[in-house]
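**Q** So here's upload.txt, just compact mmCIF, C-alpha atoms and all ligand atoms:
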```txt
# COMPACT_ATOMS: atom_id res chain seq x y z
CA LEU A 277 45.16 -15.81 -59.19
CA LEU A 278 48.56 -17.14 -58.24
CA VAL A 279 47.88 -20.19 -60.39
CA LYS A 280 47.02 -17.92 -63.30
CA SER A 281 50.23 -15.96 -63.10
CA GLU A 282 52.29 -19.15 -62.78
CA LYS A 283 50.55 -20.63 -65.78
CA ILE A 284 51.12 -17.55 -67.90
CA LYS A 285 54.78 -17.73 -66.90
CA ILE A 286 55.02 -21.27 -68.28
CA LEU A 287 53.24 -20.25 -71.48
CA LYS A 288 55.66 -17.34 -71.88
CA GLU A 289 58.58 -19.75 -71.55
CA ILE A 290 57.10 -21.91 -74.29
CA LEU A 291 55.58 -19.37 -76.69
CA GLY A 292 57.57 -16.21 -76.02
CA SER A 293 56.32 -12.73 -75.20
CA TYR A 294 52.65 -11.76 -75.18
CA TYR A 295 50.30 -8.87 -74.56
CA ASN A 296 46.96 -8.73 -72.80
CA SER A 297 43.75 -7.73 -74.47
CA GLY A 298 40.72 -7.85 -72.20
CA GLU A 299 40.30 -11.36 -70.82
CA GLU A 300 42.79 -12.81 -73.28
CA SER A 301 46.52 -12.98 -73.71
CA LEU A 302 47.91 -12.90 -77.23
CA PHE A 303 50.95 -15.01 -78.10
CA TYR A 304 52.76 -16.00 -81.28
CA CYS A 305 51.10 -19.08 -82.80
CA PRO A 306 53.47 -22.08 -82.78
CA SER A 307 51.34 -23.80 -85.41
CA CYS A 308 51.26 -21.28 -88.29
CA LYS A 309 54.12 -19.11 -86.94
CA HIS A 310 52.36 -15.93 -88.10
CA HIS A 311 54.57 -12.88 -87.60
CA LYS A 312 51.97 -11.17 -85.40
CA LYS A 313 50.69 -12.32 -82.01
CA LYS A 314 47.47 -13.96 -83.08
CA LEU A 315 47.15 -16.89 -80.69
CA SER A 316 44.45 -15.92 -78.24
CA VAL A 317 44.76 -17.65 -74.88
CA ASN A 318 42.01 -17.48 -72.28
CA LEU A 319 43.17 -18.69 -68.89
CA SER A 320 39.79 -18.52 -67.16
CA LEU A 321 38.13 -20.56 -69.86
CA ASP A 322 41.21 -22.76 -70.32
CA MET A 323 40.99 -22.43 -74.10
CA PHE A 324 43.08 -21.16 -76.98
CA LYS A 325 42.51 -20.22 -80.59
CA CYS A 326 44.64 -18.80 -83.39
CA TRP A 327 42.84 -16.17 -85.43
CA ILE A 328 44.94 -16.91 -88.48
CA CYS A 329 45.11 -20.69 -88.84
CA ASP A 330 42.26 -21.68 -86.53
CA TYR A 331 44.55 -23.87 -84.41
CA ARG A 332 42.54 -24.25 -81.24
CA GLY A 333 41.87 -26.37 -78.22
CA LYS A 334 39.67 -26.75 -75.20
CA SER A 335 42.55 -27.18 -72.84
CA LEU A 336 45.67 -25.05 -72.51
CA TYR A 337 47.49 -28.14 -71.36
CA HIS A 338 47.36 -29.20 -74.96
CA LEU A 339 49.68 -26.32 -75.87
CA VAL A 340 52.04 -27.30 -73.08
CA ARG A 341 51.99 -30.99 -73.97
CA ARG A 342 52.64 -30.33 -77.63
CA TRP A 343 55.20 -27.52 -77.47
CA GLY A 344 56.59 -27.59 -73.94
CA SER A 345 59.39 -29.52 -72.27
CA PHE A 346 58.92 -32.38 -69.84
CA SER A 347 59.49 -30.18 -66.79
CA GLN A 348 57.04 -27.57 -68.10
CA LYS A 349 54.43 -30.29 -68.52
CA THR A 350 54.94 -31.57 -64.98
CA LYS A 351 54.84 -28.09 -63.51
CA TRP A 352 51.65 -27.28 -65.41
CA GLN A 353 49.94 -30.42 -64.19
CA GLU A 354 50.71 -29.50 -60.61
CA PHE A 355 48.89 -26.19 -61.10
CA GLU A 356 46.13 -27.89 -63.01
CA ASN A 357 45.06 -29.68 -59.84
CA GLU A 358 44.58 -26.34 -58.10
CA HIS A 359 42.46 -24.97 -60.92
CA ASP A 360 39.26 -23.36 -59.73
CA MET A 361 36.49 -25.03 -61.69
CA SER A 362 33.83 -22.55 -60.57
CA GLU A 363 35.05 -20.10 -63.19
CA VAL A 364 34.49 -22.53 -66.04
CA PRO A 365 31.19 -22.12 -67.83
CA ARG A 366 28.95 -25.12 -68.06
CA SER A 367 29.27 -25.93 -71.71
CA LEU A 368 32.74 -25.29 -72.96
CA LYS A 369 31.94 -27.28 -76.00
CA ASP A 370 29.29 -24.80 -77.14
CA ILE A 371 31.75 -21.95 -76.86
CA ILE A 372 34.66 -23.55 -78.59
CA MET A 373 32.48 -24.98 -81.32
CA GLY A 374 30.79 -21.61 -81.65
CA LYS A 375 27.45 -23.18 -82.34
CA GLU A 376 24.43 -24.34 -80.46
CA GLN A 377 24.05 -28.04 -80.04
CA GLU A 378 21.53 -29.76 -82.17
CA GLU A 379 18.39 -30.89 -80.42
CA GLU A 380 18.55 -34.61 -79.97
CA GLN A 381 15.24 -36.23 -80.47
CA GLU A 382 14.66 -39.33 -78.42
CA GLU A 383 14.50 -42.30 -80.65
CA ASN A 384 14.08 -45.79 -79.39
CA ILE A 385 15.78 -48.62 -81.13
CA ASN A 386 15.15 -52.15 -79.99
CA LEU A 387 17.09 -55.20 -80.93
CA PRO A 388 15.12 -57.44 -83.30
CA THR A 389 12.77 -59.66 -81.28
CA GLU A 390 14.45 -62.70 -82.86
CA TYR A 391 17.91 -61.65 -81.61
CA ALA A 392 19.64 -64.52 -79.81
CA PRO A 393 22.99 -63.97 -78.10
CA LEU A 394 25.84 -66.14 -79.32
CA ALA A 395 27.72 -66.13 -76.03
CA ASN A 396 25.25 -68.57 -74.47
CA ARG A 397 26.46 -72.06 -73.73
CA LYS A 398 23.20 -73.63 -74.83
CA ARG A 399 22.74 -72.64 -78.42
CA LYS A 400 20.31 -73.68 -81.08
CA PRO A 401 21.74 -75.76 -83.94
CA THR A 402 20.96 -72.84 -86.26
CA SER A 403 23.67 -70.84 -84.49
CA PHE A 404 26.50 -72.94 -85.92
CA ALA A 405 26.50 -71.21 -89.29
CA ALA A 406 26.65 -67.85 -87.51
CA ILE A 407 29.47 -68.98 -85.22
CA ASN A 408 31.39 -70.40 -88.17
CA TYR A 409 31.09 -67.14 -90.04
CA LEU A 410 32.50 -65.22 -87.06
CA LYS A 411 35.32 -67.72 -86.59
CA GLN A 412 36.26 -67.40 -90.23
CA ARG A 413 36.50 -63.62 -89.74
CA GLY A 414 38.82 -64.12 -86.78
CA ILE A 415 36.26 -63.16 -84.13
CA THR A 416 36.93 -64.98 -80.84
CA GLN A 417 34.53 -66.19 -78.16
CA GLU A 418 35.83 -63.35 -76.00
CA ASP A 419 34.90 -60.80 -78.68
CA ILE A 420 31.41 -62.30 -78.91
CA LEU A 421 30.95 -61.88 -75.18
CA ARG A 422 32.40 -58.38 -75.05
CA TRP A 423 30.43 -57.06 -78.03
CA LYS A 424 27.24 -58.96 -77.10
CA ILE A 425 27.15 -60.39 -80.61
CA GLY A 426 24.03 -62.32 -81.53
CA TYR A 427 22.15 -63.53 -84.58
CA CYS A 428 18.66 -64.00 -85.99
CA ASP A 429 17.47 -67.26 -87.53
CA THR A 430 14.03 -65.94 -88.51
CA GLY A 431 12.27 -62.66 -89.21
CA GLU A 432 13.40 -59.52 -90.96
CA TYR A 433 17.03 -60.08 -90.00
CA GLU A 434 17.09 -63.80 -90.71
CA GLY A 435 20.56 -65.15 -91.43
CA ARG A 436 22.30 -62.10 -89.98
CA ILE A 437 24.85 -61.46 -87.27
CA ILE A 438 23.61 -58.71 -84.94
CA ILE A 439 26.11 -56.39 -83.28
CA PRO A 440 24.36 -53.99 -80.89
CA SER A 441 25.47 -50.48 -79.98
CA PHE A 442 24.96 -49.33 -76.40
CA ASN A 443 24.74 -45.69 -75.35
CA THR A 444 26.37 -44.37 -72.18
CA GLU A 445 23.30 -45.39 -70.19
CA GLY A 446 23.64 -48.95 -71.38
CA LEU A 447 20.59 -48.80 -73.67
CA VAL A 448 20.64 -50.09 -77.22
CA ASP A 449 20.71 -47.13 -79.61
CA PHE A 450 21.60 -48.92 -82.86
CA PHE A 451 22.68 -52.25 -84.27
CA VAL A 452 24.46 -53.59 -87.30
CA ALA A 453 23.04 -56.65 -89.06
CA ARG A 454 25.57 -58.44 -91.32
CA THR A 455 24.54 -61.42 -93.40
CA TYR A 456 26.32 -64.72 -92.79
CA SER A 457 24.16 -66.58 -95.28
CA GLY A 458 25.42 -64.87 -98.42
CA ASP A 459 22.50 -62.48 -98.88
CA TRP A 460 23.35 -59.95 -101.57
CA ILE A 461 22.55 -57.12 -99.15
CA LYS A 462 25.54 -57.36 -96.85
CA TYR A 463 24.35 -54.95 -94.19
CA LYS A 464 20.77 -54.23 -93.20
CA ASN A 465 20.80 -51.77 -90.34
CA PRO A 466 17.80 -50.14 -88.68
CA PRO A 467 16.86 -46.72 -90.05
CA THR A 468 17.94 -43.85 -87.81
CA ASN A 469 18.53 -40.13 -88.14
CA LYS A 470 20.46 -39.93 -84.96
CA LYS A 471 24.17 -39.23 -85.11
CA LEU A 472 25.75 -41.46 -82.54
CA VAL A 473 28.99 -42.90 -81.29
CA PHE A 474 28.73 -46.61 -81.97
CA ASN A 475 28.92 -48.52 -78.69
CA GLU A 476 29.87 -45.43 -76.72
CA LEU A 477 29.40 -47.39 -73.49
CA PHE A 478 32.67 -49.18 -74.21
CA VAL A 479 34.68 -46.26 -75.61
CA ASP A 480 37.42 -45.00 -73.31
CA TRP A 481 37.92 -41.33 -74.26
CA HIS A 482 40.98 -41.07 -72.03
CA GLU A 483 42.84 -43.59 -74.14
CA ASP A 484 43.81 -43.20 -77.77
CA ILE A 485 40.92 -43.77 -80.16
CA THR A 486 41.17 -45.65 -83.44
CA LEU A 487 38.79 -44.59 -86.20
CA VAL A 488 37.75 -47.40 -88.52
CA GLU A 489 35.14 -47.91 -91.19
CA GLY A 490 33.10 -50.85 -89.93
CA VAL A 491 32.18 -52.74 -86.78
CA PHE A 492 34.29 -55.79 -87.72
CA ASP A 493 37.29 -53.47 -88.01
CA ALA A 494 36.52 -52.01 -84.58
CA ILE A 495 36.45 -55.47 -83.00
CA LYS A 496 40.02 -56.05 -84.20
CA ALA A 497 41.29 -52.57 -83.34
CA GLY A 498 40.39 -52.41 -79.64
CA ASN A 499 39.35 -48.94 -78.38
CA ALA A 500 37.86 -48.05 -81.74
CA ILE A 501 34.89 -46.28 -83.27
CA PRO A 502 33.41 -47.37 -86.60
CA LEU A 503 32.23 -44.49 -88.80
CA LEU A 504 29.76 -46.79 -90.61
CA GLY A 505 30.04 -45.05 -93.95
CA SER A 506 29.47 -41.56 -92.62
CA THR A 507 32.00 -38.76 -92.80
CA LEU A 508 33.38 -37.03 -89.75
CA THR A 509 32.70 -33.31 -89.49
CA GLU A 510 32.78 -30.92 -86.55
CA LYS A 511 29.08 -31.65 -86.12
CA SER A 512 29.59 -35.35 -85.48
CA PRO A 513 29.39 -36.38 -81.83
CA VAL A 514 32.51 -38.52 -82.38
CA PHE A 515 34.47 -35.45 -83.46
CA GLN A 516 33.16 -33.30 -80.61
CA LYS A 517 33.95 -35.92 -77.96
CA ILE A 518 37.49 -36.30 -79.31
CA VAL A 519 38.06 -32.53 -79.14
CA GLU A 520 36.46 -32.34 -75.69
CA ASN A 521 38.66 -35.10 -74.30
CA ASP A 522 41.73 -34.21 -76.34
CA SER A 523 42.06 -37.89 -77.21
CA PRO A 524 44.91 -38.87 -79.56
CA VAL A 525 43.48 -40.41 -82.74
CA TYR A 526 44.71 -43.29 -84.90
CA MET A 527 43.27 -43.30 -88.41
CA ALA A 528 42.68 -46.76 -89.86
CA LEU A 529 40.01 -46.34 -92.53
CA ASP A 530 40.03 -48.64 -95.56
CA ALA A 531 42.95 -48.30 -97.95
CA ASP A 532 40.61 -47.03 -100.69
CA ALA A 533 39.28 -44.20 -98.49
CA GLU A 534 42.44 -42.11 -98.63
CA LYS A 535 40.64 -38.92 -99.65
CA LYS A 536 38.23 -39.20 -96.74
CA THR A 537 41.12 -39.93 -94.38
CA ILE A 538 43.05 -36.84 -95.45
CA LYS A 539 39.97 -34.65 -95.03
CA ILE A 540 39.37 -35.92 -91.51
CA ILE A 541 43.04 -35.53 -90.55
CA LYS A 542 43.09 -31.95 -91.83
CA ASN A 543 40.02 -31.14 -89.78
CA MET A 544 41.44 -32.71 -86.64
CA LEU A 545 44.79 -30.95 -86.96
CA SER A 546 43.02 -27.59 -87.04
CA TYR A 547 41.59 -28.47 -83.62
CA GLY A 548 45.01 -29.39 -82.29
CA ILE A 549 44.26 -33.11 -82.09
CA GLU A 550 47.22 -35.49 -82.17
CA VAL A 551 46.65 -37.70 -85.21
CA PHE A 552 48.48 -40.87 -86.22
CA LYS A 553 47.98 -42.71 -89.48
CA ILE A 554 48.12 -46.49 -89.57
CA ASP A 555 49.33 -48.15 -92.75
CA VAL A 556 46.48 -50.42 -93.86
CA SER A 557 47.92 -51.23 -97.28
CA GLY A 558 47.90 -54.86 -98.39
CA PHE A 559 44.60 -55.51 -96.62
CA GLU A 560 41.08 -54.68 -97.70
CA ASP A 561 40.38 -53.34 -94.23
CA VAL A 562 41.38 -53.71 -90.57
CA GLY A 563 38.80 -56.47 -90.18
CA CYS A 564 40.89 -58.67 -92.49
CA MET A 565 43.95 -58.37 -90.23
CA THR A 566 44.68 -60.40 -87.14
CA LYS A 567 44.80 -58.41 -83.91
CA GLU A 568 48.56 -58.99 -83.81
CA GLU A 569 49.03 -57.63 -87.32
CA PHE A 570 46.91 -54.58 -86.47
CA ASN A 571 48.80 -53.90 -83.24
CA SER A 572 52.20 -54.13 -84.89
CA ARG A 573 51.03 -51.66 -87.55
CA LYS A 574 49.63 -49.38 -84.85
CA GLN A 575 53.04 -49.35 -83.14
CA LYS A 576 54.58 -48.15 -86.40
CA ALA A 577 51.90 -45.51 -87.07
CA LYS A 578 53.21 -42.11 -88.12
CA LEU A 579 52.37 -38.91 -86.22
CA ILE A 580 50.94 -36.50 -88.76
CA SER A 581 51.79 -32.81 -88.44
CA ASN A 582 50.33 -31.62 -91.73
CA THR A 583 48.53 -33.11 -94.71
CA THR A 584 50.88 -31.86 -97.45
CA GLY A 585 53.09 -34.95 -97.18
CA LEU A 586 50.04 -37.20 -97.32
CA LEU A 587 48.76 -35.53 -100.45
CA ARG A 588 52.16 -35.88 -102.09
CA GLU A 589 52.23 -39.56 -101.14
CA LYS A 590 48.79 -40.00 -102.64
CA ILE A 591 49.74 -38.30 -105.90
CA SER A 592 52.87 -40.41 -106.25
CA THR A 593 50.90 -43.64 -105.75
CA LEU A 594 48.40 -42.47 -108.37
CA ARG A 595 51.22 -41.90 -110.80
CA GLY A 596 52.50 -45.37 -109.98
ZN ZN A 601 48.14 -20.01 -86.14
```
Any chance you could put this one into structure tokens?
Ligand SMILES: [Zn+2]
**A**
Amino acid sequence: LLVKSEKIKILKEILGSYYNSGEESLFYCPSCKHHKKKLSVNLSLDMFKCWICDYRGKSLYHLVRRWGSFSQKTKWQEFENEHDMSEVPRSLKDIIMGKEQEEEQEENINLPTEYAPLANRKRKPTSFAAINYLKQRGITQEDILRWKIGYCDTGEYEGRIIIPSFNTEGLVDFFVARTYSGDWIKYKNPPTNKKLVFNELFVDWHEDITLVEGVFDAIKAGNAIPLLGSTLTEKSPVFQKIVENDSPVYMALDADAEKKTIKIIKNMLSYGIEVFKIDVSGFEDVGCMTKEEFNSRKQKAKLISNTTGLLREKISTLRG
């Protein structure tokens, strides 16, 4: 209880006066600055939501981090450690998302039987074409090992690089099969209905996440998730995990996917996610950059606070 009153004191310092209504405290919303107190803060659930602009978050610390001073942040974190977790309901995500989770049907995906890893020392002569293709795309031996990249020299996926996706239990849940032999179908991936986080086993949700279009982009970008042609809505597991973990996001979709990028950014901002936009202009995609080029562009990425500026930028480039 002491923690609660100390926390509300910090919030009052940051957001100004408030009033209580049932379990919630209502503050002025720093995001839309509505003239009435419409930001509902629930200390027991550690959540907030603005009834006007839908600014919301799963952790009150987000409010403090975004709008508070350094000393307020430090003070809050001290109290955070004393937080009584027994009060927190089991699935915060369900509450904040306001919807029941979709039933996930178990679906087994196996790597093609012909899959041969390319990290092996002893490789068949047929692997040279595959290795050359990867080299030419700037993929290193280290990447091959880390991403468990392989290839097929016969069968349905003949002449294709195989990049497997592992779920959090370390099981293969998907793979991407990219031709290295010039087949006119560039990608031939296994059919699946499951929405998944590609290679979630290797995603660190506590670090910043880069969203990219394809797997080859993700290899260059580090802690990255490829969207693989799908959009990103509140229903996507990628989106939900980002909100849950309050991970800062770097957007690095292809230069020609500006509309999609703006839509995703808008959606993320309404959930209080910190979003940065990486300039990918001059390259077809991140996969065409060297890691050094990508990292220097990531350093220069702009923090986005609203999408109006982005839209204006887009219109001016359209006008030339
Ligand atoms: Zn608001």
**Q** Using only C-alpha atoms, which residue out of A:Arg573, A:Arg399, A:Lys511, A:Lys280 lies closest to Ser320 of chain A?
**A** A:Lys280
**Q** Mind pulling up the distance from atom CA of Asn571 of chain A to atom CA of Asp419 of chain A?
**A**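 For atom CA of Asp419 of chain A relative to atom CA of Asn571 of chain A, the distance reads 16.2 Å.
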**Q** Rounded to one decimal place, report the atom CA of Asn386 of chain A-atom CA of Thr486 of chain A distance in Å.
**A**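 Between atom CA of Asn386 of chain A and atom CA of Thr486 of chain A the gap is 27.0 Å.
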**Q** For Val562 of chain A, work out the shell of residues within 9 Å, counting only C-alpha atoms and skipping chain neighbours fewer than 6 positions away, then give it as a list of chain:residue names.
**A** A:Val488, A:Glu489, A:Gly490, A:Phe492, A:Asp493, A:Ala494, A:Lys496, A:Ala497, A:Ala528, A:Leu529, A:Asp530, A:Val556, A:Phe570
**Q** Please dump the current selection as a PDB file, in the frame of the given file; keep C-alpha atoms.
**A**
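Heads up, here's the output in selection.pdb:
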```pdb
ATOM      1  CA  VAL A 488      37.750 -47.400 -88.520  1.00  0.00           C
ATOM      2  CA  GLU A 489      35.140 -47.910 -91.190  1.00  0.00           C
ATOM      3  CA  GLY A 490      33.100 -50.850 -89.930  1.00  0.00           C
ATOM      4  CA  PHE A 492      34.290 -55.790 -87.720  1.00  0.00           C
ATOM      5  CA  ASP A 493      37.290 -53.470 -88.010  1.00  0.00           C
ATOM      6  CA  ALA A 494      36.520 -52.010 -84.580  1.00  0.00           C
ATOM      7  CA  LYS A 496      40.020 -56.050 -84.200  1.00  0.00           C
ATOM      8  CA  ALA A 497      41.290 -52.570 -83.340  1.00  0.00           C
ATOM      9  CA  ALA A 528      42.680 -46.760 -89.860  1.00  0.00           C
ATOM     10  CA  LEU A 529      40.010 -46.340 -92.530  1.00  0.00           C
ATOM     11  CA  ASP A 530      40.030 -48.640 -95.560  1.00  0.00           C
ATOM     12  CA  VAL A 556      46.480 -50.420 -93.860  1.00  0.00           C
ATOM     13  CA  PHE A 570      46.910 -54.580 -86.470  1.00  0.00           C
TER      14      PHE A 570
END
```
**Q** With distances taken over only C-alpha atoms and all ligand atoms, which residue among A:Ile425, A:Leu291, A:Cys305, A:Leu579 lies nearest ligand ZN 601 (chain A)?
**A**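 Nearest to ligand ZN 601 (chain A): A:Cys305.
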**Q** Looking at only C-alpha atoms and all ligand atoms, which of A:Ser546, A:Asn475, A:Ser457, A:Asn296 is the one that sits closest to ligand ZN 601 (chain A)?
**A** A:Ser546
**Q** Can I get the residues close to ligand ZN 601 (chain A) as a list in words, where close means within 7 Å and we count all atoms listed in the file?
**A**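 The neighbouring residues of ligand ZN 601 (chain A) are, in order, Cys305, Pro306, Ser307, Cys308, Lys309, His310, Lys314, Leu315, Cys326, Trp327, Ile328, Cys329, Asp330 and Tyr331 of chain A.
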**Q** List as a PyMOL selection string: which residues have an atom within 10 Å of (52.9, -17.2, -75.1), counting all atoms listed in the file?
**A** chain A and resi 284-295+301-306+313+315-317+339
**Q** Show me, as AutoDock Vina command-line options, the centre and edge lengths in Å to one decimal of the axis-aligned box that covers every listed atom of segment 300-314 of chain A with 3 Å on each side.
**A**
```
--center_x 48.7 --center_y -17.5 --center_z -80.8 --size_x 17.8 --size_y 18.6 --size_z 21.0
```
**Q** Any idea what the distance is between atom CA of Ala531 of chain A and atom CA of Glu560 of chain A?
**A** 6.7 Å
**Q** When you count all atoms listed in the file, which of these residues is closest to Tyr337 of chain A: A:Tyr433, A:Glu390, A:Met565, A:Asp522?
**A**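 The closest residue to Tyr337 of chain A is A:Asp522.
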**Q** Nearest residue to Tyr409 of chain A out of A:Glu356, A:Thr455, A:Ile439, A:Ala392, using all atoms listed in the file?
**A** A:Thr455
**Q** Got a sec: who's within 8 Å of Lys542 of chain A, counting only C-alpha atoms, leaving out chain neighbours fewer than 3 positions off, as a PyMOL selection string?
**A** chain A and resi 538-539+545-546+582-583
**Q** Show which residues sit within 10 Å of Ile518 of chain A, as an MDAnalysis selection string. Count all atoms listed in the file, and ignore same-chain residues fewer than 2 positions away.
**A** chainID A and resid 481:482 484:485 513:516 520:525 544 547 549
**Q** Go ahead and save the picked residues with C-alpha atoms, as a tab-separated table (two decimals), in the frame of the given file.
**A**
```
chain	number	residue	atom	x	y	z
A	481	TRP	CA	37.92	-41.33	-74.26
A	482	HIS	CA	40.98	-41.07	-72.03
A	484	ASP	CA	43.81	-43.20	-77.77
A	485	ILE	CA	40.92	-43.77	-80.16
A	513	PRO	CA	29.39	-36.38	-81.83
A	514	VAL	CA	32.51	-38.52	-82.38
A	515	PHE	CA	34.47	-35.45	-83.46
A	516	GLN	CA	33.16	-33.30	-80.61
A	520	GLU	CA	36.46	-32.34	-75.69
A	521	ASN	CA	38.66	-35.10	-74.30
A	522	ASP	CA	41.73	-34.21	-76.34
A	523	SER	CA	42.06	-37.89	-77.21
A	524	PRO	CA	44.91	-38.87	-79.56
A	525	VAL	CA	43.48	-40.41	-82.74
A	544	MET	CA	41.44	-32.71	-86.64
A	547	TYR	CA	41.59	-28.47	-83.62
A	549	ILE	CA	44.26	-33.11	-82.09
```
**Q** Can you give me N, CA and C atoms for segment 299-320 of chain A, written as an mmCIF file, in the frame of the given file?
**A**
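That gives us part10.cif:
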```cif
data_model
loop_
_atom_site.group_PDB
_atom_site.id
_atom_site.type_symbol
_atom_site.label_atom_id
_atom_site.label_comp_id
_atom_site.auth_asym_id
_atom_site.auth_seq_id
_atom_site.Cartn_x
_atom_site.Cartn_y
_atom_site.Cartn_z
ATOM 1 N N GLU A 299 40.172 -10.119 -71.571
ATOM 2 C CA GLU A 299 40.300 -11.360 -70.820
ATOM 3 C C GLU A 299 41.413 -12.248 -71.388
ATOM 4 N N GLU A 300 41.909 -11.904 -72.573
ATOM 5 C CA GLU A 300 42.790 -12.810 -73.280
ATOM 6 C C GLU A 300 44.239 -12.342 -73.320
ATOM 7 N N SER A 301 45.120 -13.298 -73.484
ATOM 8 C CA SER A 301 46.520 -12.980 -73.710
ATOM 9 C C SER A 301 46.877 -13.428 -75.118
ATOM 10 N N LEU A 302 47.589 -12.566 -75.833
ATOM 11 C CA LEU A 302 47.910 -12.900 -77.230
ATOM 12 C C LEU A 302 49.380 -13.251 -77.393
ATOM 13 N N PHE A 303 49.596 -14.461 -77.902
ATOM 14 C CA PHE A 303 50.950 -15.010 -78.100
ATOM 15 C C PHE A 303 51.203 -15.228 -79.591
ATOM 16 N N TYR A 304 52.457 -15.532 -79.928
ATOM 17 C CA TYR A 304 52.760 -16.000 -81.280
ATOM 18 C C TYR A 304 52.200 -17.417 -81.413
ATOM 19 N N CYS A 305 51.673 -17.738 -82.584
ATOM 20 C CA CYS A 305 51.100 -19.080 -82.800
ATOM 21 C C CYS A 305 52.202 -20.053 -83.214
ATOM 22 N N PRO A 306 52.405 -21.120 -82.426
ATOM 23 C CA PRO A 306 53.470 -22.080 -82.780
ATOM 24 C C PRO A 306 53.078 -22.936 -83.981
ATOM 25 N N SER A 307 51.788 -22.945 -84.318
ATOM 26 C CA SER A 307 51.340 -23.800 -85.410
ATOM 27 C C SER A 307 51.569 -23.154 -86.772
ATOM 28 N N CYS A 308 51.077 -21.921 -86.969
ATOM 29 C CA CYS A 308 51.260 -21.280 -88.290
ATOM 30 C C CYS A 308 52.432 -20.305 -88.281
ATOM 31 N N LYS A 309 52.963 -20.005 -87.087
ATOM 32 C CA LYS A 309 54.120 -19.110 -86.940
ATOM 33 C C LYS A 309 53.882 -17.749 -87.614
ATOM 34 N N HIS A 310 52.666 -17.251 -87.547
ATOM 35 C CA HIS A 310 52.360 -15.930 -88.100
ATOM 36 C C HIS A 310 53.239 -14.887 -87.409
ATOM 37 N N HIS A 311 53.622 -13.853 -88.159
ATOM 38 C CA HIS A 311 54.570 -12.880 -87.600
ATOM 39 C C HIS A 311 53.948 -11.961 -86.552
ATOM 40 N N LYS A 312 52.613 -11.972 -86.446
ATOM 41 C CA LYS A 312 51.970 -11.170 -85.400
ATOM 42 C C LYS A 312 51.432 -12.092 -84.304
ATOM 43 N N LYS A 313 51.221 -11.518 -83.123
ATOM 44 C CA LYS A 313 50.690 -12.320 -82.010
ATOM 45 C C LYS A 313 49.201 -12.542 -82.201
ATOM 46 N N LYS A 314 48.861 -13.695 -82.726
ATOM 47 C CA LYS A 314 47.470 -13.960 -83.080
ATOM 48 C C LYS A 314 46.879 -15.152 -82.337
ATOM 49 N N LEU A 315 47.672 -15.748 -81.443
ATOM 50 C CA LEU A 315 47.150 -16.890 -80.690
ATOM 51 C C LEU A 315 46.516 -16.369 -79.408
ATOM 52 N N SER A 316 45.192 -16.445 -79.370
ATOM 53 C CA SER A 316 44.450 -15.920 -78.240
ATOM 54 C C SER A 316 44.297 -16.994 -77.170
ATOM 55 N N VAL A 317 44.805 -16.678 -75.969
ATOM 56 C CA VAL A 317 44.760 -17.650 -74.880
ATOM 57 C C VAL A 317 43.872 -17.109 -73.766
ATOM 58 N N ASN A 318 42.896 -17.900 -73.364
ATOM 59 C CA ASN A 318 42.010 -17.480 -72.280
ATOM 60 C C ASN A 318 42.200 -18.405 -71.084
ATOM 61 N N LEU A 319 42.842 -17.863 -70.056
ATOM 62 C CA LEU A 319 43.170 -18.690 -68.890
ATOM 63 C C LEU A 319 41.949 -19.090 -68.081
ATOM 64 N N SER A 320 40.985 -18.181 -67.960
ATOM 65 C CA SER A 320 39.790 -18.520 -67.160
ATOM 66 C C SER A 320 38.990 -19.620 -67.831
#
```
